[in-house]
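Structure file data25.cif (mmCIF, C-alpha atoms) is printed below.
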data_work
#
loop_
_atom_site.label_atom_id
_atom_site.label_comp_id
_atom_site.auth_asym_id
_atom_site.auth_seq_id
_atom_site.Cartn_x
_atom_site.Cartn_y
_atom_site.Cartn_z
CA MET A 1 -5.04 -8.46 32.86
CA ALA A 2 -5.20 -5.52 30.53
CA SER A 3 -4.96 -2.56 32.89
CA GLU A 4 -4.17 1.12 32.61
CA ALA A 5 -0.59 0.14 31.88
CA GLY A 6 -1.66 -1.95 28.86
CA GLN A 7 -0.26 -5.41 28.33
CA GLN A 8 2.45 -5.63 30.92
CA HIS A 9 3.69 -9.03 31.98
CA PRO A 10 6.81 -10.41 33.66
CA LEU A 11 9.75 -10.84 31.29
CA GLY A 12 10.16 -14.49 32.29
CA ILE A 13 7.16 -15.70 30.31
CA TYR A 14 8.58 -14.20 27.09
CA TYR A 15 11.90 -15.96 27.58
CA LYS A 16 10.15 -19.27 28.26
CA ILE A 17 7.96 -19.03 25.16
CA TRP A 18 10.95 -17.89 23.11
CA ILE A 19 12.90 -21.00 24.10
CA LEU A 20 9.84 -23.17 23.51
CA LEU A 21 9.46 -21.78 19.97
CA PHE A 22 13.11 -22.57 19.29
CA VAL A 23 12.69 -26.13 20.52
CA LEU A 24 9.49 -26.67 18.51
CA SER A 25 11.14 -25.29 15.35
CA LEU A 26 14.10 -27.57 15.94
CA PHE A 27 11.73 -30.53 16.32
CA SER A 28 9.94 -29.74 13.06
CA TYR A 29 13.29 -29.38 11.32
CA MET A 30 14.37 -32.74 12.76
CA VAL A 31 11.26 -34.35 11.23
CA ASP A 32 12.66 -33.36 7.84
CA TYR A 33 16.28 -34.07 8.72
CA MET A 34 15.51 -37.58 10.01
CA ASP A 35 13.42 -38.12 6.87
CA VAL A 36 10.23 -39.14 8.72
CA GLN A 37 7.59 -39.85 6.08
CA GLY A 38 3.89 -40.59 5.74
CA PHE A 39 1.46 -40.39 8.64
CA TRP A 40 3.97 -39.38 11.29
CA ARG A 41 5.46 -36.60 9.14
CA TRP A 42 2.04 -35.00 8.72
CA THR A 43 1.06 -35.52 12.35
CA LEU A 44 4.28 -34.20 13.85
CA VAL A 45 4.65 -31.23 11.50
CA LEU A 46 1.03 -30.16 12.04
CA ILE A 47 1.23 -30.56 15.83
CA PHE A 48 4.43 -28.50 16.07
CA MET A 49 2.94 -25.91 13.71
CA ALA A 50 -0.26 -25.59 15.76
CA LEU A 51 1.69 -25.31 19.02
CA LYS A 52 4.00 -22.63 17.61
CA ALA A 53 1.13 -20.64 16.13
CA GLY A 54 -0.81 -20.97 19.37
CA PHE A 55 2.03 -19.73 21.57
CA ILE A 56 2.82 -16.79 19.28
CA LEU A 57 -0.85 -15.75 19.25
CA ALA A 58 -1.56 -16.36 22.92
CA ILE A 59 1.60 -15.00 24.54
CA PHE A 60 3.55 -12.80 22.10
CA MET A 61 0.41 -11.23 20.64
CA HIS A 62 -1.28 -11.17 24.07
CA VAL A 63 -4.53 -12.78 22.87
CA LYS A 64 -4.61 -14.82 26.10
CA TRP A 65 -5.05 -11.61 28.08
CA GLU A 66 -7.47 -9.80 25.77
CA ARG A 67 -11.19 -9.44 26.38
CA MET A 68 -13.45 -12.04 24.79
CA ALA A 69 -14.98 -9.48 22.37
CA LEU A 70 -11.58 -8.92 20.73
CA VAL A 71 -10.57 -12.60 20.90
CA MET A 72 -13.74 -13.59 19.03
CA THR A 73 -13.08 -10.94 16.37
CA ILE A 74 -9.59 -12.34 15.84
CA LEU A 75 -10.27 -16.07 15.97
CA GLY A 76 -13.88 -16.25 14.78
CA PRO A 77 -13.77 -15.22 11.10
CA PRO A 78 -10.78 -17.42 10.17
CA ILE A 79 -12.78 -20.51 11.22
CA VAL A 80 -14.77 -20.30 7.96
CA LEU A 81 -11.47 -21.02 6.22
CA LEU A 82 -11.88 -24.66 7.28
CA LEU A 83 -14.87 -24.81 4.96
CA LEU A 84 -12.82 -23.33 2.09
CA ILE A 85 -10.04 -25.83 2.73
CA PHE A 86 -12.54 -28.70 2.71
CA PHE A 87 -14.23 -27.57 -0.52
CA MET A 88 -10.96 -26.96 -2.34
CA ALA A 89 -9.57 -30.33 -1.26
CA VAL A 90 -12.66 -32.05 -2.70
CA GLU A 91 -12.37 -29.98 -5.87
CA GLY A 92 -8.64 -30.69 -6.19
CA ASN A 93 -9.10 -34.43 -5.77
CA TYR A 94 -11.80 -34.41 -8.42
CA THR A 95 -9.57 -32.49 -10.85
CA GLU A 96 -6.71 -34.90 -10.31
CA SER A 97 -8.87 -37.96 -10.85
CA ALA A 98 -10.27 -36.38 -14.03
CA ARG A 99 -6.73 -35.75 -15.29
CA VAL A 100 -5.76 -39.34 -14.61
CA GLN A 101 -8.94 -40.87 -15.97
CA TYR A 102 -9.57 -38.74 -19.07
CA LEU A 103 -6.23 -37.15 -19.96
CA GLY A 104 -4.07 -40.18 -19.26
CA HIS A 105 -1.81 -38.44 -16.70
CA ASP A 106 0.28 -40.73 -14.55
CA ALA A 107 -0.19 -39.82 -10.87
CA ASN A 108 2.56 -42.14 -9.63
CA GLN A 109 5.71 -40.55 -11.06
CA ALA A 110 8.58 -39.63 -8.75
CA PRO A 111 9.99 -36.09 -8.92
CA ALA A 112 13.49 -35.69 -10.40
CA HIS A 113 16.30 -35.42 -7.87
CA VAL A 114 18.03 -32.08 -7.44
CA GLU A 115 21.64 -31.76 -8.63
CA HIS A 116 23.55 -29.33 -6.43
CA MET B 1 -4.92 10.81 30.73
CA SER B 2 -3.74 8.34 28.14
CA GLN B 3 -6.15 6.72 25.76
CA SER B 4 -5.99 3.34 27.47
CA GLU B 5 -6.75 4.94 30.83
CA ALA B 6 -9.81 6.61 29.37
CA VAL B 7 -10.91 3.28 28.01
CA ALA B 8 -10.20 1.43 31.23
CA ASN B 9 -12.19 3.85 33.39
CA GLY B 10 -15.48 3.09 31.71
CA SER B 11 -14.82 -0.57 31.06
CA PRO B 12 -16.97 -3.44 32.27
CA THR B 13 -15.09 -5.83 34.49
CA ALA B 14 -16.56 -9.24 33.70
CA ALA B 15 -14.28 -11.63 31.84
CA GLY B 16 -15.02 -14.47 29.43
CA MET B 17 -18.38 -14.84 27.72
CA THR B 18 -20.16 -12.58 30.22
CA GLY B 19 -17.67 -9.86 29.31
CA PHE B 20 -18.25 -10.62 25.64
CA VAL B 21 -21.98 -10.01 26.05
CA GLN B 22 -21.35 -6.89 28.17
CA ASP B 23 -19.03 -5.42 25.55
CA TRP B 24 -21.45 -6.01 22.68
CA LYS B 25 -24.89 -5.50 24.20
CA SER B 26 -25.19 -1.74 24.60
CA ASP B 27 -24.77 1.14 22.24
CA LYS B 28 -21.17 1.97 23.10
CA GLN B 29 -17.57 1.26 22.21
CA THR B 30 -17.14 -2.51 21.91
CA TYR B 31 -13.40 -3.05 22.05
CA GLN B 32 -11.81 -1.98 25.32
CA VAL B 33 -8.45 -1.30 23.67
CA PRO B 34 -6.93 1.79 22.04
CA TRP B 35 -8.40 2.26 18.55
CA GLY B 36 -5.01 1.78 16.89
CA LYS B 37 -4.75 -1.68 18.36
CA ALA B 38 -8.27 -2.67 17.31
CA MET B 39 -7.57 -1.44 13.78
CA MET B 40 -4.27 -3.32 13.60
CA TRP B 41 -6.08 -6.51 14.62
CA ILE B 42 -8.76 -5.98 11.99
CA PHE B 43 -6.07 -5.41 9.38
CA LEU B 44 -4.30 -8.59 10.50
CA VAL B 45 -7.51 -10.61 10.25
CA SER B 46 -7.94 -9.38 6.67
CA ASP B 47 -4.30 -10.19 5.97
CA THR B 48 -4.93 -13.69 7.35
CA PHE B 49 -7.45 -14.18 4.57
CA ILE B 50 -5.00 -13.02 1.90
CA PHE B 51 -2.33 -15.48 3.03
CA SER B 52 -4.98 -18.18 3.46
CA CYS B 53 -6.05 -17.66 -0.15
CA PHE B 54 -2.46 -18.25 -1.26
CA LEU B 55 -2.03 -21.32 0.92
CA VAL B 56 -5.38 -22.84 -0.02
CA GLY B 57 -4.60 -22.10 -3.68
CA TYR B 58 -1.29 -23.89 -3.19
CA MET B 59 -3.09 -26.86 -1.65
CA THR B 60 -5.54 -26.99 -4.55
CA VAL B 61 -2.93 -26.97 -7.33
CA ARG B 62 -0.79 -29.45 -5.44
CA ILE B 63 -3.69 -31.87 -5.00
CA SER B 64 -5.02 -31.39 -8.53
CA THR B 65 -1.79 -31.86 -10.45
CA ALA B 66 -0.92 -35.41 -11.48
CA ASP B 67 2.74 -34.40 -11.94
CA PRO B 68 5.10 -35.18 -9.06
CA TRP B 69 5.73 -32.31 -6.63
CA PRO B 70 9.45 -31.37 -6.36
CA LEU B 71 11.15 -32.43 -3.11
CA ALA B 72 11.51 -29.27 -1.01
CA THR B 73 14.03 -30.98 1.24
CA GLU B 74 16.40 -31.39 -1.74
CA VAL B 75 15.54 -28.13 -3.50
CA PHE B 76 16.41 -26.07 -0.41
CA ALA B 77 19.44 -28.08 0.65
CA LEU B 78 22.70 -26.20 0.92
CA SER B 79 26.29 -27.35 1.19
CA PHE B 80 28.92 -25.50 3.19
CA PHE B 81 32.59 -25.53 2.16
CA GLY B 82 32.11 -28.53 -0.11
CA SER B 83 30.22 -30.67 2.43
CA ASP B 84 27.33 -32.90 1.44
CA PRO B 85 24.18 -30.81 1.00
CA ILE B 86 22.35 -30.39 4.32
CA PRO B 87 18.59 -30.70 3.72
CA LEU B 88 16.50 -27.54 4.13
CA ILE B 89 19.23 -25.87 6.19
CA LEU B 90 18.79 -22.35 4.80
CA ILE B 91 15.07 -22.40 5.61
CA ALA B 92 15.80 -23.68 9.11
CA ILE B 93 18.22 -20.80 9.70
CA MET B 94 15.67 -18.31 8.32
CA THR B 95 13.07 -19.73 10.70
CA PHE B 96 15.40 -19.29 13.67
CA VAL B 97 16.24 -15.73 12.61
CA LEU B 98 12.54 -14.85 12.43
CA ILE B 99 11.74 -16.45 15.80
CA THR B 100 14.66 -14.59 17.37
CA SER B 101 13.29 -11.36 15.93
CA SER B 102 9.89 -12.15 17.43
CA GLY B 103 11.53 -12.63 20.82
CA THR B 104 13.38 -9.30 20.61
CA MET B 105 10.14 -7.61 19.52
CA ALA B 106 8.31 -9.04 22.56
CA LEU B 107 11.08 -7.60 24.74
CA ALA B 108 10.78 -4.21 23.02
CA VAL B 109 7.04 -4.14 23.78
CA ASN B 110 7.70 -5.08 27.39
CA PHE B 111 10.38 -2.43 27.88
CA GLY B 112 8.05 0.06 26.19
CA TYR B 113 5.41 -0.47 28.88
CA ARG B 114 8.15 -0.19 31.48
CA ARG B 115 8.95 3.20 29.89
CA ASP B 116 12.54 2.18 29.33
CA LYS B 117 13.01 4.20 26.16
CA ARG B 118 16.63 3.29 25.49
CA LYS B 119 16.04 -0.47 25.65
CA THR B 120 12.81 -0.22 23.66
CA VAL B 121 14.56 1.53 20.79
CA MET B 122 17.52 -0.82 21.01
CA PHE B 123 15.37 -3.96 20.78
CA MET B 124 13.26 -2.50 17.98
CA LEU B 125 16.38 -1.75 15.96
CA PHE B 126 17.68 -5.26 16.72
CA THR B 127 14.37 -6.70 15.50
CA ALA B 128 14.57 -4.65 12.31
CA ALA B 129 18.14 -5.86 11.73
CA LEU B 130 17.06 -9.49 12.08
CA GLY B 131 14.15 -8.85 9.71
CA ALA B 132 16.54 -7.37 7.15
CA THR B 133 18.77 -10.44 7.58
CA PHE B 134 15.77 -12.66 6.86
CA VAL B 135 14.94 -10.73 3.68
CA GLY B 136 18.59 -10.93 2.62
CA MET B 137 18.58 -14.71 3.03
CA GLN B 138 15.36 -14.91 1.09
CA ALA B 139 16.91 -12.91 -1.75
CA TYR B 140 19.78 -15.42 -1.74
CA GLU B 141 17.29 -18.29 -1.84
CA TRP B 142 15.45 -16.71 -4.76
CA SER B 143 18.64 -16.15 -6.73
CA LYS B 144 19.67 -19.75 -6.08
CA LEU B 145 16.34 -21.09 -7.38
CA ILE B 146 16.43 -18.76 -10.37
CA GLY B 147 19.89 -20.16 -11.04
CA TYR B 148 18.49 -23.71 -10.99
CA GLY B 149 16.02 -22.66 -13.67
CA VAL B 150 12.94 -22.48 -11.47
CA ARG B 151 10.39 -20.25 -13.19
CA PRO B 152 6.74 -19.55 -12.35
CA TRP B 153 5.85 -21.73 -15.35
CA SER B 154 8.45 -24.50 -15.19
CA ASN B 155 11.18 -26.16 -13.17
CA PRO B 156 13.59 -29.04 -13.80
CA TRP B 157 12.07 -31.46 -11.26
CA GLY B 158 8.31 -31.86 -11.51
CA ALA B 159 5.00 -30.03 -11.29
CA GLU B 160 5.16 -26.62 -12.98
CA GLN B 161 3.04 -25.00 -10.28
CA PHE B 162 5.92 -25.34 -7.78
CA GLY B 163 7.61 -22.19 -9.08
CA SER B 164 4.54 -19.98 -9.17
CA VAL B 165 3.50 -21.05 -5.67
CA PHE B 166 7.03 -20.53 -4.33
CA TYR B 167 7.55 -17.06 -5.80
CA MET B 168 4.03 -15.91 -4.94
CA ILE B 169 3.93 -17.04 -1.32
CA THR B 170 7.51 -16.35 -0.25
CA GLY B 171 7.48 -13.13 -2.27
CA PHE B 172 4.36 -11.85 -0.57
CA HIS B 173 5.71 -12.85 2.82
CA GLY B 174 9.05 -11.21 2.08
CA LEU B 175 7.21 -8.05 1.11
CA HIS B 176 5.50 -8.12 4.51
CA VAL B 177 8.83 -8.54 6.28
CA SER B 178 10.36 -5.66 4.29
CA ALA B 179 7.38 -3.43 5.07
CA GLY B 180 7.70 -4.47 8.72
CA VAL B 181 11.37 -3.47 8.82
CA ILE B 182 10.49 -0.01 7.47
CA TYR B 183 7.57 0.28 9.90
CA LEU B 184 9.83 -0.71 12.82
CA LEU B 185 12.49 1.82 11.84
CA ILE B 186 9.94 4.63 11.57
CA ILE B 187 8.37 3.85 14.94
CA ALA B 188 11.76 3.30 16.61
CA ARG B 189 12.84 6.75 15.43
CA LYS B 190 9.66 8.33 16.76
CA VAL B 191 10.07 6.55 20.10
CA ALA B 192 13.68 7.71 20.33
CA ARG B 193 12.61 11.28 19.52
CA GLY B 194 10.18 11.19 22.45
CA ASP B 195 6.94 11.43 20.44
CA TYR B 196 5.23 8.91 22.72
CA ASP B 197 6.53 10.07 26.09
CA LYS B 198 3.16 11.63 26.92
CA LYS B 199 0.84 9.47 24.79
CA GLY B 200 2.08 6.14 26.09
CA TYR B 201 3.82 3.27 24.37
CA GLU B 202 0.86 1.31 22.96
CA ILE B 203 2.27 2.02 19.50
CA VAL B 204 5.17 -0.32 20.24
CA GLU B 205 2.71 -3.11 21.02
CA ILE B 206 0.78 -2.37 17.82
CA THR B 207 3.99 -2.54 15.80
CA GLY B 208 4.77 -5.75 17.65
CA LEU B 209 1.43 -7.25 16.66
CA TYR B 210 2.28 -6.74 13.00
CA TRP B 211 5.73 -8.21 13.46
CA HIS B 212 4.51 -11.30 15.34
CA PHE B 213 1.90 -11.81 12.63
CA VAL B 214 4.63 -11.96 10.00
CA ASP B 215 6.33 -14.61 12.12
CA LEU B 216 3.01 -16.42 12.53
CA VAL B 217 2.48 -16.59 8.78
CA TRP B 218 5.98 -17.99 8.38
CA VAL B 219 5.09 -20.82 10.80
CA PHE B 220 2.40 -21.94 8.34
CA ILE B 221 4.55 -21.43 5.23
CA PHE B 222 7.40 -23.36 6.86
CA ALA B 223 5.09 -26.28 7.68
CA PHE B 224 2.98 -26.47 4.53
CA PHE B 225 5.38 -25.41 1.80
CA TYR B 226 8.76 -26.54 3.07
CA LEU B 227 8.06 -29.51 5.33
CA LEU B 228 4.98 -31.24 3.95
#
This structure in structure tokens:
Amino acid sequence: MASEAGQQHPLGIYYKIWILLFVLSLFSYMVDYMDVQGFWRWTLVLIFMALKAGFILAIFMHVKWERMALVMTILGPPIVLLLLIFFMAVEGNYTESARVQYLGHDANQAPAHVEH
Amino acid sequence: MSQSEAVANGSPTAAGMTGFVQDWKSDKQTYQVPWGKAMMWIFLVSDTFIFSCFLVGYMTVRISTADPWPLATEVFALSFFGSDPIPLILIAIMTFVLITSSGTMALAVNFGYRRDKRKTVMFMLFTAALGATFVGMQAYEWSKLIGYGVRPWSNPWGAEQFGSVFYMITGFHGLHVSAGVIYLLIIARKVARGDYDKKGYEIVEITGLYWHFVDLVWVFIFAFFYLL
């Protein structure tokens, strides 16, 4: 708990989370390296991302041990971003369909490969 | 009496939602933390919105363009000593460097509260060095992409927006890392000089919050821009 000494916790938990973040980063890199595509790429990448972000916030940034008033201030406002994401996704899809339908864009082209 | 002690003495004890109501209900200080920490958190929440604007903007242009999006896995591949290009390897190394720096920062905060000044300064300097390494690798990445002909308005592989999104988001993040390195060096110097011996070492935690936030933002950039 937050006491007179501030946020003091045993060192062990930092080492554990540190290792966990390494492993999760390695997993997300492996998703790309093994060329996983489609549904599983999105699912795995987003799960590993959420876990990493959660552990950094909760342990490294001590949110887990803060009082609820501060936790709500930190995590509350960003929730409205979900609404922004939703609206902009709808808007983006509409724009793309308009470009395909009225401007004759082809939405099924493959990107050019990169020459190293 | 340090600031946190003063705060702790008058603080309500209930946790969870009861504590939330206790902290907000009466006409008194709401946040039971040193003011510097509360202000850093409020700054970070506002910074969250700035980065979110960039990432949501990226999502919108990527959804709305009918042109194919360039393959990040190929764009950021790198070959060593004439090997086949390894996909996304530079970004993976950058990610590991940043996570390592977050770990060393967490240790610096911990040693700060243990009042181990020498180790605190050492780990802060180590963190700053890793941050500078990250920025250096990013500069290399930028120069490589500029060499490929990636511009904010065009690139050789597909949707034109790729370049503007890349330079904007990684540039703004890199700016945060650079600012963080300077911030760390300033605070490390002040810690070493003994400025906080009486006041307490909360400042190290506040610096740490900023640094972890930079790492946190990278988690999202890594996932959305480089992997998806």
Edge lengths and centre, in Å to one decimal, as JSON: that's what I need for the box along x, y and z that holds all listed atoms of range 40-47 of chain A plus 6 Å on each side.
{"center_x": 3.2, "center_y": -34.8, "center_z": 12.3, "size_x": 16.4, "size_y": 21.2, "size_z": 19.1}
Fewer than 5 positions away in the same chain doesn't count, so skip those; otherwise give me all residues within 12 Å of range 59-69 of chain B, counting only C-alpha atoms, as an mmCIF file with C-alpha atoms, in the frame of the given file.
data_model
loop_
_atom_site.group_PDB
_atom_site.id
_atom_site.type_symbol
_atom_site.label_atom_id
_atom_site.label_comp_id
_atom_site.auth_asym_id
_atom_site.auth_seq_id
_atom_site.Cartn_x
_atom_site.Cartn_y
_atom_site.Cartn_z
ATOM 1 C CA LEU A 84 -12.820 -23.330 2.090
ATOM 2 C CA ILE A 85 -10.040 -25.830 2.730
ATOM 3 C CA PHE A 86 -12.540 -28.700 2.710
ATOM 4 C CA PHE A 87 -14.230 -27.570 -0.520
ATOM 5 C CA MET A 88 -10.960 -26.960 -2.340
ATOM 6 C CA ALA A 89 -9.570 -30.330 -1.260
ATOM 7 C CA VAL A 90 -12.660 -32.050 -2.700
ATOM 8 C CA GLU A 91 -12.370 -29.980 -5.870
ATOM 9 C CA GLY A 92 -8.640 -30.690 -6.190
ATOM 10 C CA ASN A 93 -9.100 -34.430 -5.770
ATOM 11 C CA TYR A 94 -11.800 -34.410 -8.420
ATOM 12 C CA THR A 95 -9.570 -32.490 -10.850
ATOM 13 C CA GLU A 96 -6.710 -34.900 -10.310
ATOM 14 C CA SER A 97 -8.870 -37.960 -10.850
ATOM 15 C CA ALA A 98 -10.270 -36.380 -14.030
ATOM 16 C CA ARG A 99 -6.730 -35.750 -15.290
ATOM 17 C CA VAL A 100 -5.760 -39.340 -14.610
ATOM 18 C CA GLN A 101 -8.940 -40.870 -15.970
ATOM 19 C CA TYR A 102 -9.570 -38.740 -19.070
ATOM 20 C CA LEU A 103 -6.230 -37.150 -19.960
ATOM 21 C CA GLY A 104 -4.070 -40.180 -19.260
ATOM 22 C CA HIS A 105 -1.810 -38.440 -16.700
ATOM 23 C CA ASP A 106 0.280 -40.730 -14.550
ATOM 24 C CA ALA A 107 -0.190 -39.820 -10.870
ATOM 25 C CA ASN A 108 2.560 -42.140 -9.630
ATOM 26 C CA GLN A 109 5.710 -40.550 -11.060
ATOM 27 C CA ALA A 110 8.580 -39.630 -8.750
ATOM 28 C CA PRO A 111 9.990 -36.090 -8.920
ATOM 29 C CA ALA A 112 13.490 -35.690 -10.400
ATOM 30 C CA HIS A 113 16.300 -35.420 -7.870
ATOM 31 C CA SER B 52 -4.980 -18.180 3.460
ATOM 32 C CA CYS B 53 -6.050 -17.660 -0.150
ATOM 33 C CA PHE B 54 -2.460 -18.250 -1.260
ATOM 34 C CA GLU B 74 16.400 -31.390 -1.740
ATOM 35 C CA VAL B 75 15.540 -28.130 -3.500
ATOM 36 C CA SER B 154 8.450 -24.500 -15.190
ATOM 37 C CA ASN B 155 11.180 -26.160 -13.170
ATOM 38 C CA PRO B 156 13.590 -29.040 -13.800
ATOM 39 C CA TRP B 157 12.070 -31.460 -11.260
ATOM 40 C CA GLY B 158 8.310 -31.860 -11.510
ATOM 41 C CA ALA B 159 5.000 -30.030 -11.290
ATOM 42 C CA GLU B 160 5.160 -26.620 -12.980
ATOM 43 C CA GLN B 161 3.040 -25.000 -10.280
ATOM 44 C CA PHE B 162 5.920 -25.340 -7.780
ATOM 45 C CA GLY B 163 7.610 -22.190 -9.080
ATOM 46 C CA SER B 164 4.540 -19.980 -9.170
ATOM 47 C CA VAL B 165 3.500 -21.050 -5.670
ATOM 48 C CA PHE B 166 7.030 -20.530 -4.330
ATOM 49 C CA ILE B 221 4.550 -21.430 5.230
ATOM 50 C CA PHE B 224 2.980 -26.470 4.530
ATOM 51 C CA PHE B 225 5.380 -25.410 1.800
ATOM 52 C CA TYR B 226 8.760 -26.540 3.070
ATOM 53 C CA LEU B 228 4.980 -31.240 3.950
#
- Item | Selection: 7 Å around range 61-71 of chain A, all atoms listed in the file, excl. self and same-chain fewer than 6 positions, as a list in words |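 The residues that qualify are Met1 and Ala2 of chain A; Ala15, Gly16, Met17, Gly19, Phe20, Asp23, Tyr31, Leu209 and His212 of chain B.
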For the selection just defined, write its residues with C-alpha atoms to a file, as a PDB file, keeping the file's coordinate frame.
ATOM      1  CA  MET A   1      -5.040  -8.460  32.860  1.00  0.00           C
ATOM      2  CA  ALA A   2      -5.200  -5.520  30.530  1.00  0.00           C
TER       3      ALA A   2
ATOM      4  CA  ALA B  15     -14.280 -11.630  31.840  1.00  0.00           C
ATOM      5  CA  GLY B  16     -15.020 -14.470  29.430  1.00  0.00           C
ATOM      6  CA  MET B  17     -18.380 -14.840  27.720  1.00  0.00           C
ATOM      7  CA  GLY B  19     -17.670  -9.860  29.310  1.00  0.00           C
ATOM      8  CA  PHE B  20     -18.250 -10.620  25.640  1.00  0.00           C
ATOM      9  CA  ASP B  23     -19.030  -5.420  25.550  1.00  0.00           C
ATOM     10  CA  TYR B  31     -13.400  -3.050  22.050  1.00  0.00           C
ATOM     11  CA  LEU B 209       1.430  -7.250  16.660  1.00  0.00           C
ATOM     12  CA  HIS B 212       4.510 -11.300  15.340  1.00  0.00           C
TER      13      HIS B 212
END
- Query: A:Met49, A:Gly12, A:Thr43, A:Met34: which is nearest chain B, counting all atoms listed in the file?
  - Reply: A:Met49
- Task: Could you tell me which residues the PyMOL selection byres ((chain B and resi 189) around 12) returns for this structure, as a list of chain:residue names?
- Result: B:Lys117, B:Arg118, B:Thr120, B:Val121, B:Met122, B:Met124, B:Leu125, B:Ala128, B:Ile182, B:Tyr183, B:Leu184, B:Leu185, B:Ile186, B:Ile187, B:Ala188, B:Lys190, B:Val191, B:Ala192, B:Arg193, B:Gly194, B:Asp195, B:Tyr196, B:Val204
- Message: I'd like the interatomic distance between CA of Ala50 in chain A and CA of Phe172 in chain B, to a tenth of an Å.
- Response: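 Straight-line distance from CA of Ala50 in chain A to CA of Phe172 in chain B works out to 21.8 Å.
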- Query: Using all atoms listed in the file, which residues sit within 12 Å of Leu46 in chain A once same-chain residues fewer than 3 positions away are excluded, as a PyMOL selection string?
  - Reply: (chain A and resi 24-25+27-28+31+39-43+49-54) or (chain B and resi 219-224+227-228)
- Go ahead and find all residues with at least one atom no further than 9 Å from (7.2, -11.6, 29.9) in the file's coordinates, using only C-alpha atoms; report them as a PyMOL selection string. (chain A and resi 8-17+59-60) or (chain B and resi 106-107+110)
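The spacing separating CA of Phe123 in chain B from CA of Ile99 in chain B amounts to 13.9 Å.
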- Message: I'd like the interatomic distance between CA of Ile56 in chain A and CA of Trp24 in chain B, to a tenth of an Å.
- Response: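 Between CA of Ile56 in chain A and CA of Trp24 in chain B the gap is 26.8 Å.
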- Do you know which residues the PyMOL selection byres ((chain B and resi 41) around 10) returns on this file, as a PyMOL selection string? (chain A and resi 70-71+73-74) or (chain B and resi 35-40+42-47+206+209-210+213)
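When all atoms listed in the file are used to compute distances to chain A, the closest of the residues B:Ala179, B:Ala108, B:Ile203, B:Val56 turns out to be B:Val56.
When only C-alpha atoms are used to measure the gap to chain A, the shortest distance among B:Phe134, B:Trp153, B:Tyr140, B:Tyr201 belongs to B:Tyr201.
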- Message: Could you check the closest approach to chain A for each of B:Phe80, B:Val217, B:Pro152, B:Ala139 and tell me which residue wins, using only C-alpha atoms?
- Response: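 Nearest to chain A: B:Val217.
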